[in-house]
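Participant: Pasting my_file.cif here (mmCIF, C-alpha atoms):
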data_protein
#
loop_
_atom_site.label_atom_id
_atom_site.label_comp_id
_atom_site.auth_asym_id
_atom_site.auth_seq_id
_atom_site.Cartn_x
_atom_site.Cartn_y
_atom_site.Cartn_z
CA MET A 1 -38.43 -21.89 -124.46
CA SER A 2 -39.89 -18.47 -125.21
CA ARG A 3 -41.39 -16.37 -122.45
CA ALA A 4 -44.94 -16.78 -123.79
CA SER A 5 -44.70 -20.56 -123.99
CA LEU A 6 -43.23 -20.70 -120.47
CA ILE A 7 -46.18 -18.69 -119.14
CA TRP A 8 -48.61 -20.97 -120.98
CA GLU A 9 -46.84 -24.08 -119.64
CA LEU A 10 -47.06 -22.75 -116.08
CA THR A 11 -50.76 -21.95 -116.55
CA LYS A 12 -51.48 -25.47 -117.84
CA ARG A 13 -49.51 -27.00 -114.98
CA ASP A 14 -51.42 -24.84 -112.51
CA PHE A 15 -54.69 -26.33 -113.76
CA SER A 16 -53.43 -29.89 -113.83
CA GLU A 17 -51.94 -29.58 -110.30
CA LYS A 18 -55.20 -28.18 -108.96
CA PHE A 19 -57.08 -31.35 -109.87
CA ALA A 20 -54.14 -33.79 -109.72
CA GLY A 21 -55.16 -37.26 -108.59
CA SER A 22 -58.89 -36.72 -109.13
CA VAL A 23 -60.77 -38.99 -111.51
CA LEU A 24 -62.59 -36.20 -113.35
CA GLY A 25 -59.53 -33.93 -113.56
CA PHE A 26 -60.13 -30.83 -115.68
CA VAL A 27 -63.90 -31.48 -115.69
CA TRP A 28 -63.96 -30.18 -112.10
CA SER A 29 -63.09 -26.74 -113.38
CA LEU A 30 -66.37 -26.88 -115.35
CA ILE A 31 -68.44 -28.44 -112.56
CA LEU A 32 -67.47 -25.96 -109.83
CA PRO A 33 -68.68 -22.82 -111.69
CA ILE A 34 -71.98 -24.56 -112.53
CA VAL A 35 -72.49 -25.50 -108.87
CA ASN A 36 -71.69 -21.92 -107.80
CA LEU A 37 -74.15 -20.55 -110.35
CA VAL A 38 -76.87 -22.92 -109.13
CA ILE A 39 -76.20 -21.84 -105.53
CA TYR A 40 -76.40 -18.14 -106.39
CA MET A 41 -79.56 -18.48 -108.47
CA LEU A 42 -81.52 -21.14 -106.63
CA ILE A 43 -80.40 -20.80 -103.02
CA PHE A 44 -80.15 -17.00 -102.89
CA GLY A 45 -82.89 -16.19 -105.37
CA LYS A 46 -85.52 -18.90 -105.01
CA ILE A 47 -85.09 -20.68 -101.65
CA MET A 48 -83.93 -17.76 -99.51
CA GLY A 49 -86.14 -15.39 -101.48
CA GLY A 50 -83.52 -12.68 -101.89
CA ARG A 51 -84.95 -9.69 -103.79
CA LEU A 52 -83.49 -6.46 -105.07
CA PRO A 53 -85.36 -3.24 -104.26
CA GLY A 54 -87.47 -2.27 -107.28
CA LYS A 55 -86.93 -5.58 -109.09
CA SER A 56 -89.63 -8.23 -109.27
CA ASP A 57 -87.55 -10.76 -111.24
CA ILE A 58 -86.88 -13.82 -109.04
CA TYR A 59 -83.39 -14.18 -110.53
CA ALA A 60 -82.42 -10.50 -110.15
CA TYR A 61 -80.67 -11.00 -106.81
CA GLY A 62 -78.94 -14.15 -108.09
CA VAL A 63 -77.66 -12.21 -111.11
CA TYR A 64 -76.59 -9.37 -108.79
CA VAL A 65 -74.61 -11.78 -106.59
CA THR A 66 -73.12 -13.64 -109.56
CA VAL A 67 -71.82 -10.53 -111.35
CA GLY A 68 -70.28 -9.43 -108.07
CA LEU A 69 -68.82 -12.70 -106.84
CA VAL A 70 -67.41 -14.15 -110.08
CA PRO A 71 -65.17 -11.12 -110.84
CA TRP A 72 -64.37 -10.76 -107.14
CA MET A 73 -63.12 -14.38 -106.97
CA ALA A 74 -60.78 -13.73 -109.91
CA PHE A 75 -59.61 -10.46 -108.36
CA VAL A 76 -58.96 -11.93 -104.92
CA GLY A 77 -57.47 -15.14 -106.33
CA SER A 78 -55.01 -13.11 -108.39
CA ILE A 79 -53.94 -10.89 -105.50
CA SER A 80 -53.71 -13.54 -102.80
CA ARG A 81 -51.80 -16.02 -104.96
CA ALA A 82 -49.56 -13.32 -106.42
CA SER A 83 -48.53 -12.07 -102.98
CA ASN A 84 -46.77 -15.37 -102.28
CA ILE A 85 -45.69 -16.32 -105.80
CA PHE A 86 -41.98 -15.44 -105.55
CA LEU A 87 -41.61 -17.55 -102.40
CA GLU A 88 -43.72 -20.37 -103.83
CA LYS A 89 -41.68 -20.52 -107.05
CA ARG A 90 -38.28 -19.83 -105.52
CA ASN A 91 -36.87 -23.10 -106.92
CA LEU A 92 -37.90 -22.16 -110.43
CA ILE A 93 -36.55 -18.60 -110.04
CA SER A 94 -33.17 -19.86 -108.84
CA LYS A 95 -32.85 -22.44 -111.65
CA VAL A 96 -34.32 -20.66 -114.69
CA SER A 97 -33.64 -17.12 -115.84
CA ILE A 98 -37.22 -15.91 -115.74
CA PRO A 99 -38.49 -12.31 -115.53
CA LEU A 100 -40.24 -12.09 -112.16
CA PRO A 101 -43.43 -10.37 -113.44
CA SER A 102 -44.00 -13.36 -115.78
CA LEU A 103 -44.94 -15.43 -112.73
CA LEU A 104 -47.78 -13.04 -111.97
CA VAL A 105 -48.94 -13.16 -115.58
CA TYR A 106 -49.57 -16.91 -115.33
CA VAL A 107 -51.50 -16.48 -112.05
CA ASN A 108 -53.67 -13.83 -113.74
CA LEU A 109 -54.12 -16.01 -116.80
CA ALA A 110 -55.24 -19.00 -114.71
CA GLU A 111 -57.80 -16.81 -112.91
CA ALA A 112 -58.94 -15.37 -116.25
CA ILE A 113 -59.64 -18.87 -117.61
CA THR A 114 -61.73 -19.71 -114.54
CA PHE A 115 -63.56 -16.39 -114.95
CA MET A 116 -64.28 -17.09 -118.63
CA ILE A 117 -65.66 -20.55 -117.87
CA SER A 118 -67.94 -19.12 -115.15
CA MET A 119 -69.11 -16.23 -117.33
CA GLY A 120 -69.71 -18.65 -120.21
CA PHE A 121 -72.16 -20.64 -118.10
CA PHE A 122 -73.63 -17.41 -116.76
CA PHE A 123 -74.34 -16.16 -120.29
CA ILE A 124 -75.99 -19.50 -121.14
CA PHE A 125 -78.17 -19.08 -118.06
CA LEU A 126 -79.07 -15.50 -119.08
CA PHE A 127 -79.98 -16.70 -122.56
CA PHE A 128 -82.34 -19.40 -121.28
CA THR A 129 -84.00 -17.06 -118.77
CA HIS A 130 -84.62 -14.51 -121.58
CA HIS A 131 -82.46 -11.87 -119.92
CA LYS A 132 -82.23 -8.62 -121.89
CA PHE A 133 -78.86 -8.42 -123.67
CA ASP A 134 -77.44 -4.95 -123.92
CA MET A 135 -74.68 -3.29 -125.95
CA ASN A 136 -72.96 -2.39 -122.68
CA MET A 137 -72.12 -6.08 -122.26
CA LEU A 138 -69.41 -5.52 -124.87
CA LEU A 139 -67.54 -3.69 -122.12
CA VAL A 140 -67.24 -6.79 -119.91
CA PRO A 141 -63.85 -7.98 -121.32
CA PHE A 142 -62.42 -4.48 -120.85
CA LEU A 143 -63.74 -4.24 -117.30
CA PHE A 144 -62.22 -7.61 -116.52
CA TYR A 145 -58.94 -6.55 -118.11
CA LEU A 146 -58.88 -3.40 -115.98
CA GLN A 147 -59.62 -5.30 -112.75
CA GLN A 148 -56.92 -7.87 -113.49
CA LEU A 149 -54.43 -5.12 -114.26
CA PHE A 150 -55.17 -3.60 -110.88
CA ALA A 151 -54.78 -7.03 -109.26
CA PHE A 152 -51.50 -7.46 -111.16
CA GLY A 153 -50.12 -4.14 -109.93
CA PHE A 154 -51.24 -4.75 -106.36
CA GLY A 155 -50.01 -8.35 -106.46
CA LEU A 156 -46.62 -7.37 -107.89
CA LEU A 157 -46.03 -4.87 -105.11
CA ALA A 158 -47.18 -7.38 -102.48
CA ALA A 159 -45.05 -10.19 -103.97
CA THR A 160 -41.94 -7.99 -103.91
CA LEU A 161 -42.47 -6.87 -100.32
CA THR A 162 -43.49 -10.35 -99.05
CA VAL A 163 -40.01 -11.64 -99.88
CA PHE A 164 -38.58 -9.32 -97.20
CA LEU A 165 -41.47 -9.39 -94.75
CA ARG A 166 -43.53 -12.61 -94.75
CA ASP A 167 -46.25 -11.06 -92.57
CA ILE A 168 -47.47 -9.09 -95.58
CA LYS A 169 -49.17 -12.19 -96.95
CA GLU A 170 -51.28 -12.53 -93.78
CA VAL A 171 -52.01 -8.79 -93.78
CA ILE A 172 -53.24 -9.09 -97.37
CA THR A 173 -55.51 -12.04 -96.48
CA LEU A 174 -57.07 -9.95 -93.70
CA THR A 175 -57.31 -6.86 -95.91
CA LEU A 176 -59.12 -8.85 -98.60
CA GLN A 177 -61.66 -10.04 -96.01
CA PHE A 178 -62.41 -6.46 -94.98
CA TRP A 179 -62.37 -5.34 -98.61
CA PHE A 180 -65.03 -7.92 -99.51
CA TRP A 181 -67.45 -6.65 -96.86
CA PHE A 182 -66.67 -3.02 -97.70
CA THR A 183 -67.75 -3.67 -101.31
CA PRO A 184 -71.49 -4.08 -102.06
CA ILE A 185 -71.37 -7.58 -103.56
CA VAL A 186 -73.85 -9.62 -101.54
CA TYR A 187 -75.76 -6.62 -100.18
CA VAL A 188 -77.04 -3.46 -101.89
CA ARG A 189 -75.33 -0.08 -101.56
CA ASP A 190 -78.50 1.57 -100.21
CA ILE A 191 -78.31 -0.18 -96.82
CA LEU A 192 -74.99 1.51 -96.00
CA PRO A 193 -74.81 4.65 -93.84
CA ASP A 194 -74.29 7.92 -95.76
CA ALA A 195 -70.76 8.33 -94.39
CA VAL A 196 -69.70 4.98 -95.86
CA LYS A 197 -71.55 5.66 -99.13
CA SER A 198 -69.59 8.87 -99.62
CA ILE A 199 -66.23 7.05 -99.49
CA LEU A 200 -67.30 4.06 -101.61
CA PRO A 201 -66.20 5.66 -104.95
CA TYR A 202 -62.62 5.58 -103.63
CA ASN A 203 -62.82 1.78 -103.41
CA PRO A 204 -61.42 0.43 -106.73
CA ALA A 205 -63.28 -2.87 -106.35
CA TYR A 206 -66.54 -0.95 -105.97
CA VAL A 207 -65.96 0.97 -109.22
CA ILE A 208 -65.50 -2.31 -111.10
CA ILE A 209 -68.20 -4.39 -109.39
CA GLU A 210 -70.72 -1.56 -109.65
CA SER A 211 -70.03 -1.40 -113.40
CA TYR A 212 -70.86 -5.11 -113.77
CA GLN A 213 -74.00 -4.64 -111.66
CA ARG A 214 -75.16 -1.66 -113.71
CA ILE A 215 -74.64 -3.55 -116.97
CA PHE A 216 -76.20 -6.90 -116.01
CA VAL A 217 -78.77 -6.04 -113.35
CA PHE A 218 -79.92 -2.47 -113.86
CA GLY A 219 -79.36 -2.22 -117.63
CA THR A 220 -77.70 1.18 -117.34
CA ASP A 221 -74.34 2.59 -118.41
CA PRO A 222 -71.37 2.18 -116.08
CA ASN A 223 -69.83 5.32 -114.61
CA TYR A 224 -67.37 6.05 -117.44
CA GLN A 225 -65.72 8.93 -115.61
CA ALA A 226 -64.98 6.71 -112.60
CA LEU A 227 -63.63 4.01 -114.93
CA ILE A 228 -61.23 6.47 -116.60
CA VAL A 229 -59.98 7.67 -113.21
CA MET A 230 -59.63 4.03 -112.12
CA THR A 231 -57.67 3.27 -115.33
CA LEU A 232 -55.24 6.10 -114.60
CA CYS A 233 -54.83 5.05 -110.95
CA THR A 234 -54.31 1.41 -111.97
CA HIS A 235 -51.53 2.36 -114.39
CA LEU A 236 -49.87 4.56 -111.79
CA LEU A 237 -49.96 1.56 -109.45
CA LEU A 238 -48.50 -0.66 -112.18
CA PHE A 239 -45.77 1.89 -112.85
CA PHE A 240 -44.91 2.16 -109.14
CA SER A 241 -45.01 -1.63 -108.57
CA TYR A 242 -42.74 -2.32 -111.53
CA TRP A 243 -40.38 0.48 -110.51
CA THR A 244 -40.21 -0.99 -106.97
CA LEU A 245 -39.48 -4.45 -108.33
CA ARG A 246 -36.71 -3.13 -110.59
CA ALA A 247 -35.17 -1.25 -107.68
CA LEU A 248 -35.26 -4.29 -105.39
CA GLU A 249 -34.88 -7.13 -107.92
CA LYS A 250 -31.29 -7.99 -107.03
CA ASP A 251 -32.15 -8.15 -103.31
CA VAL A 252 -35.29 -10.19 -104.06
CA ARG A 253 -33.22 -12.79 -105.94
CA ASP A 254 -30.59 -12.83 -103.18
CA PHE A 255 -33.24 -13.32 -100.47
CA LEU A 256 -34.85 -16.17 -102.39
CA MET B 257 -70.55 -0.92 -135.73
CA LEU B 258 -69.78 -0.64 -132.02
CA LEU B 259 -68.31 -4.13 -131.96
CA ALA B 260 -66.29 -3.41 -135.10
CA ALA B 261 -64.94 -0.19 -133.56
CA LEU B 262 -63.94 -1.99 -130.35
CA LEU B 263 -62.27 -4.76 -132.33
CA ALA B 264 -60.43 -2.26 -134.53
CA TRP B 265 -59.20 -0.31 -131.49
CA THR B 266 -58.06 -3.54 -129.78
CA LEU B 267 -56.27 -4.73 -132.92
CA LEU B 268 -54.56 -1.35 -133.31
CA PHE B 269 -53.38 -1.58 -129.70
CA ALA B 270 -52.18 -5.18 -130.21
CA ALA B 271 -50.32 -4.15 -133.37
CA VAL B 272 -48.59 -1.24 -131.61
CA VAL B 273 -47.58 -3.51 -128.72
CA ALA B 274 -46.33 -6.24 -131.08
CA LEU B 275 -44.29 -3.72 -133.09
CA PHE B 276 -42.89 -2.22 -129.93
CA MET B 277 -41.92 -5.61 -128.49
CA LYS B 278 -40.17 -6.52 -131.73
CA ARG B 279 -38.06 -3.38 -131.83
CA GLY B 280 -36.86 -3.66 -128.24
CA TYR B 281 -36.29 -0.30 -126.47
CA GLY B 282 -34.53 -2.03 -123.56
CA ARG B 283 -35.47 -1.49 -119.96
CA MET B 284 -37.88 1.34 -120.64
CA ARG B 285 -40.05 -1.01 -122.70
CA VAL B 286 -42.32 -2.00 -119.82
CA TYR B 287 -42.95 1.63 -118.84
CA TRP B 288 -43.93 2.41 -122.44
CA LEU B 289 -46.21 -0.64 -122.48
CA ILE B 290 -47.91 0.61 -119.31
CA PHE B 291 -48.40 3.98 -121.02
CA PHE B 292 -49.87 2.42 -124.21
CA ASN B 293 -52.12 0.26 -122.10
CA ALA B 294 -53.46 3.29 -120.21
CA VAL B 295 -54.17 5.09 -123.51
CA PHE B 296 -55.92 1.97 -124.85
CA LEU B 297 -58.24 1.53 -121.86
CA CYS B 298 -58.94 5.25 -121.45
CA GLY B 299 -59.80 5.27 -125.16
CA VAL B 300 -62.28 2.44 -124.68
CA PHE B 301 -64.05 4.12 -121.77
CA TRP B 302 -63.92 7.53 -123.44
CA PHE B 303 -65.17 6.59 -126.90
CA PHE B 304 -67.59 3.79 -126.00
CA PRO B 305 -70.41 6.12 -124.78
CA LEU B 306 -69.83 8.45 -127.75
CA LEU B 307 -69.98 5.60 -130.27
CA LYS B 308 -72.98 4.11 -128.50
CA GLY B 309 -74.81 7.42 -128.70
CA PHE B 310 -73.95 7.67 -132.38
CA HIS B 311 -75.11 4.09 -132.93
CA GLN B 312 -78.44 4.74 -131.21
CA ILE B 313 -79.35 7.75 -133.39
CA GLN B 314 -78.78 5.74 -136.57
CA PRO B 315 -82.11 4.87 -138.28
#
Can you give me the file's structure in the form of structure tokens?
Facilitator:
Amino acid sequence: MSRASLIWELTKRDFSEKFAGSVLGFVWSLILPIVNLVIYMLIFGKIMGGRLPGKSDIYAYGVYVTVGLVPWMAFVGSISRASNIFLEKRNLISKVSIPLPSLLVYVNLAEAITFMISMGFFFIFLFFTHHKFDMNMLLVPFLFYLQQLFAFGFGLLAATLTVFLRDIKEVITLTLQFWFWFTPIVYVRDILPDAVKSILPYNPAYVIIESYQRIFVFGTDPNYQALIVMTLCTHLLLFFSYWTLRALEKDVRDFL
Amino acid sequence: MLLAALLAWTLLFAAVVALFMKRGYGRMRVYWLIFFNAVFLCGVFWFFPLLKGFHQIQP
């Protein structure tokens, strides 16, 4: 079996295992994003009356929350699952000669499929609410690619180190909690104190989420300079993570 | 035009990666792929605003 087909097989199995035993099966992966979208738009926007400063549109806050939470879920899902993937798949690793980074590729792919389903429904919603479509929306796949690359690099480093020190998985869970509240996803950046605002550009998740928010909510260009810096940092992280894995690969396989 | 440019750039990147994977280059292959990937994404974020500006001044 080629490497690509193995990754695809693992991705398919991941989906089927997620809804194993349920009557609706794969349909749940379509229902859940719709329910989330309804919650963001109706509960946050209409019932709770959430509004964005300077925006009169009743769905503006719902759109703001959606374009923050949907990518964030994929980002967090990729990192948190990746951090434990070598331990989780230790039986497979010991039986089949599989390159270790391939396991992270399938985790990323599974999260990407969920993201695409959610964004598909989101675009349908935008179409029916006569949302203004902008050329900047063409950047969305590239933004998502960049965020998943960062998650891949971070996850690869975490997965390698978790084999030797299991506590790292718990540390990552806690870090992701803090990271979520340090990133303006459900609140607006303006409510933060100036000291926190000044360090926000160093938060990679902020650079990405802010780009989505600018494109979908404010109709402006993302900060291209910040995205280029983020791209360079992400690839340095990927380089370092892969180098670490190569250096420790023999020990990782022995430990497993 | 913008969409065509993005598609062309992506296809060029995919072709380079495919060619590179076919020819091998051993253990350094992944490091080269990381490098190509960085060039690809930097290219997108560098040229997108320029192309968009060009697109907007077209009659």
Participant: I need the residue set behind the PyMOL selection byres ((chain A) within 7 of (chain B)) for this file; please write it as a PyMOL selection string.
Facilitator: chain A and resi 224+227-228+231-232+235+239
Participant: Mind checking which residues fall within 9 Å of range 169-171 of chain A, counting all atoms listed in the file, ignoring those fewer than 2 positions away in the same chain, and posting them as JSON, numbers by chain?
Facilitator: {"A": [80, 83, 84, 158, 159, 162, 165, 166, 167, 173, 174, 175, 176]}
Participant: From the set A:Gly153, A:Pro141, A:Pro204, A:Pro99, which residue has the shortest atom-to-atom contact distance to Ser78 in chain A, counting only C-alpha atoms?
Facilitator: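 Of all the options, A:Gly153 lies closest to Ser78 in chain A.
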Participant: For a quick check of understanding, using all atoms listed in the file, which of A:Ser2, A:Asn108, A:Ser29, A:Ser16 has the smallest distance to Phe144 in chain A?
Facilitator: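 The shortest atom-to-atom distance to Phe144 in chain A comes from A:Asn108.
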Participant: Set the distance at 7 Å and use all atoms listed in the file: which residues neighbour range 60-75 of chain A once local chain neighbours fewer than 4 positions away are removed? I'd like the list as a PyMOL selection string.
Facilitator: chain A and resi 40-41+44-45+50-52+55+79+111-112+115+147-148+151+185-186+209+212-213+217
Participant: Deliver the residues from the most recent selection as a file, using C-alpha atoms, as a PDB file, keeping the file's coordinate frame.
Facilitator:
ATOM      1  CA  TYR A  40     -76.400 -18.140-106.390  1.00  0.00           C
ATOM      2  CA  MET A  41     -79.560 -18.480-108.470  1.00  0.00           C
ATOM      3  CA  PHE A  44     -80.150 -17.000-102.890  1.00  0.00           C
ATOM      4  CA  GLY A  45     -82.890 -16.190-105.370  1.00  0.00           C
ATOM      5  CA  GLY A  50     -83.520 -12.680-101.890  1.00  0.00           C
ATOM      6  CA  ARG A  51     -84.950  -9.690-103.790  1.00  0.00           C
ATOM      7  CA  LEU A  52     -83.490  -6.460-105.070  1.00  0.00           C
ATOM      8  CA  LYS A  55     -86.930  -5.580-109.090  1.00  0.00           C
ATOM      9  CA  ILE A  79     -53.940 -10.890-105.500  1.00  0.00           C
ATOM     10  CA  GLU A 111     -57.800 -16.810-112.910  1.00  0.00           C
ATOM     11  CA  ALA A 112     -58.940 -15.370-116.250  1.00  0.00           C
ATOM     12  CA  PHE A 115     -63.560 -16.390-114.950  1.00  0.00           C
ATOM     13  CA  GLN A 147     -59.620  -5.300-112.750  1.00  0.00           C
ATOM     14  CA  GLN A 148     -56.920  -7.870-113.490  1.00  0.00           C
ATOM     15  CA  ALA A 151     -54.780  -7.030-109.260  1.00  0.00           C
ATOM     16  CA  ILE A 185     -71.370  -7.580-103.560  1.00  0.00           C
ATOM     17  CA  VAL A 186     -73.850  -9.620-101.540  1.00  0.00           C
ATOM     18  CA  ILE A 209     -68.200  -4.390-109.390  1.00  0.00           C
ATOM     19  CA  TYR A 212     -70.860  -5.110-113.770  1.00  0.00           C
ATOM     20  CA  GLN A 213     -74.000  -4.640-111.660  1.00  0.00           C
ATOM     21  CA  VAL A 217     -78.770  -6.040-113.350  1.00  0.00           C
TER      22      VAL A 217
END
Participant: State, in Å with one decimal place, the distance from CA of Phe276 in chain B to CA of Glu249 in chain A.
Facilitator: 23.9 Å
Participant: Would you compute the box with edges along x, y and z of the file around range 159-171 of chain A, including every atom the file lists for it and 4 Å extra on each side, and give its centre and edge lengths in Å to one decimal, as lines of an AutoDock Vina configuration file?
Facilitator:
center_x = -45.3
center_y = -9.7
center_z = -98.3
size_x = 21.4
size_y = 13.7
size_z = 19.4
Participant: How would range 51-78 of chain A look with N, CA and C atoms restored, written as a tab-separated table (two decimals), in the coordinates of the input?
Facilitator:
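Output (part10.tsv):
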chain	number	residue	atom	x	y	z
A	51	ARG	N	-84.40	-10.59	-102.75
A	51	ARG	CA	-84.95	-9.69	-103.79
A	51	ARG	C	-84.18	-8.37	-103.78
A	52	LEU	N	-84.11	-7.78	-104.97
A	52	LEU	CA	-83.49	-6.46	-105.07
A	52	LEU	C	-84.59	-5.41	-105.00
A	53	PRO	N	-84.34	-4.29	-104.31
A	53	PRO	CA	-85.36	-3.24	-104.26
A	53	PRO	C	-85.72	-2.77	-105.67
A	54	GLY	N	-87.01	-2.75	-105.97
A	54	GLY	CA	-87.47	-2.27	-107.28
A	54	GLY	C	-87.38	-3.29	-108.39
A	55	LYS	N	-87.03	-4.53	-108.06
A	55	LYS	CA	-86.93	-5.58	-109.09
A	55	LYS	C	-87.83	-6.74	-108.70
A	56	SER	N	-88.72	-7.13	-109.61
A	56	SER	CA	-89.63	-8.23	-109.27
A	56	SER	C	-89.10	-9.58	-109.77
A	57	ASP	N	-88.11	-9.54	-110.66
A	57	ASP	CA	-87.55	-10.76	-111.24
A	57	ASP	C	-86.96	-11.65	-110.13
A	58	ILE	N	-87.36	-12.94	-110.12
A	58	ILE	CA	-86.88	-13.82	-109.04
A	58	ILE	C	-85.37	-14.09	-109.15
A	59	TYR	N	-84.80	-13.91	-110.37
A	59	TYR	CA	-83.39	-14.18	-110.53
A	59	TYR	C	-82.53	-12.92	-110.37
A	60	ALA	N	-83.17	-11.76	-110.17
A	60	ALA	CA	-82.42	-10.50	-110.15
A	60	ALA	C	-81.32	-10.50	-109.07
A	61	TYR	N	-81.68	-11.00	-107.88
A	61	TYR	CA	-80.67	-11.00	-106.81
A	61	TYR	C	-79.56	-12.01	-107.11
A	62	GLY	N	-79.95	-13.15	-107.69
A	62	GLY	CA	-78.94	-14.15	-108.09
A	62	GLY	C	-77.97	-13.59	-109.12
A	63	VAL	N	-78.51	-12.85	-110.09
A	63	VAL	CA	-77.66	-12.21	-111.11
A	63	VAL	C	-76.75	-11.17	-110.45
A	64	TYR	N	-77.33	-10.41	-109.53
A	64	TYR	CA	-76.59	-9.37	-108.79
A	64	TYR	C	-75.39	-10.00	-108.05
A	65	VAL	N	-75.67	-11.11	-107.36
A	65	VAL	CA	-74.61	-11.78	-106.59
A	65	VAL	C	-73.57	-12.39	-107.53
A	66	THR	N	-74.05	-13.00	-108.62
A	66	THR	CA	-73.12	-13.64	-109.56
A	66	THR	C	-72.15	-12.63	-110.18
A	67	VAL	N	-72.70	-11.49	-110.68
A	67	VAL	CA	-71.82	-10.53	-111.35
A	67	VAL	C	-70.91	-9.80	-110.36
A	68	GLY	N	-71.19	-9.97	-109.08
A	68	GLY	CA	-70.28	-9.43	-108.07
A	68	GLY	C	-69.24	-10.46	-107.66
A	69	LEU	N	-69.73	-11.68	-107.39
A	69	LEU	CA	-68.82	-12.70	-106.84
A	69	LEU	C	-67.84	-13.29	-107.86
A	70	VAL	N	-68.30	-13.52	-109.08
A	70	VAL	CA	-67.41	-14.15	-110.08
A	70	VAL	C	-66.18	-13.26	-110.36
A	71	PRO	N	-66.36	-11.96	-110.66
A	71	PRO	CA	-65.17	-11.12	-110.84
A	71	PRO	C	-64.36	-10.97	-109.55
A	72	TRP	N	-65.07	-10.92	-108.41
A	72	TRP	CA	-64.37	-10.76	-107.14
A	72	TRP	C	-63.44	-11.95	-106.87
A	73	MET	N	-63.93	-13.16	-107.17
A	73	MET	CA	-63.12	-14.38	-106.97
A	73	MET	C	-61.83	-14.30	-107.79
A	74	ALA	N	-61.97	-13.84	-109.04
A	74	ALA	CA	-60.78	-13.73	-109.91
A	74	ALA	C	-59.83	-12.68	-109.36
A	75	PHE	N	-60.39	-11.57	-108.90
A	75	PHE	CA	-59.61	-10.46	-108.36
A	75	PHE	C	-58.84	-10.89	-107.11
A	76	VAL	N	-59.57	-11.49	-106.19
A	76	VAL	CA	-58.96	-11.93	-104.92
A	76	VAL	C	-57.97	-13.07	-105.15
A	77	GLY	N	-58.36	-14.01	-106.02
A	77	GLY	CA	-57.47	-15.14	-106.33
A	77	GLY	C	-56.15	-14.63	-106.89
A	78	SER	N	-56.23	-13.64	-107.78
A	78	SER	CA	-55.01	-13.11	-108.39
A	78	SER	C	-54.13	-12.43	-107.34
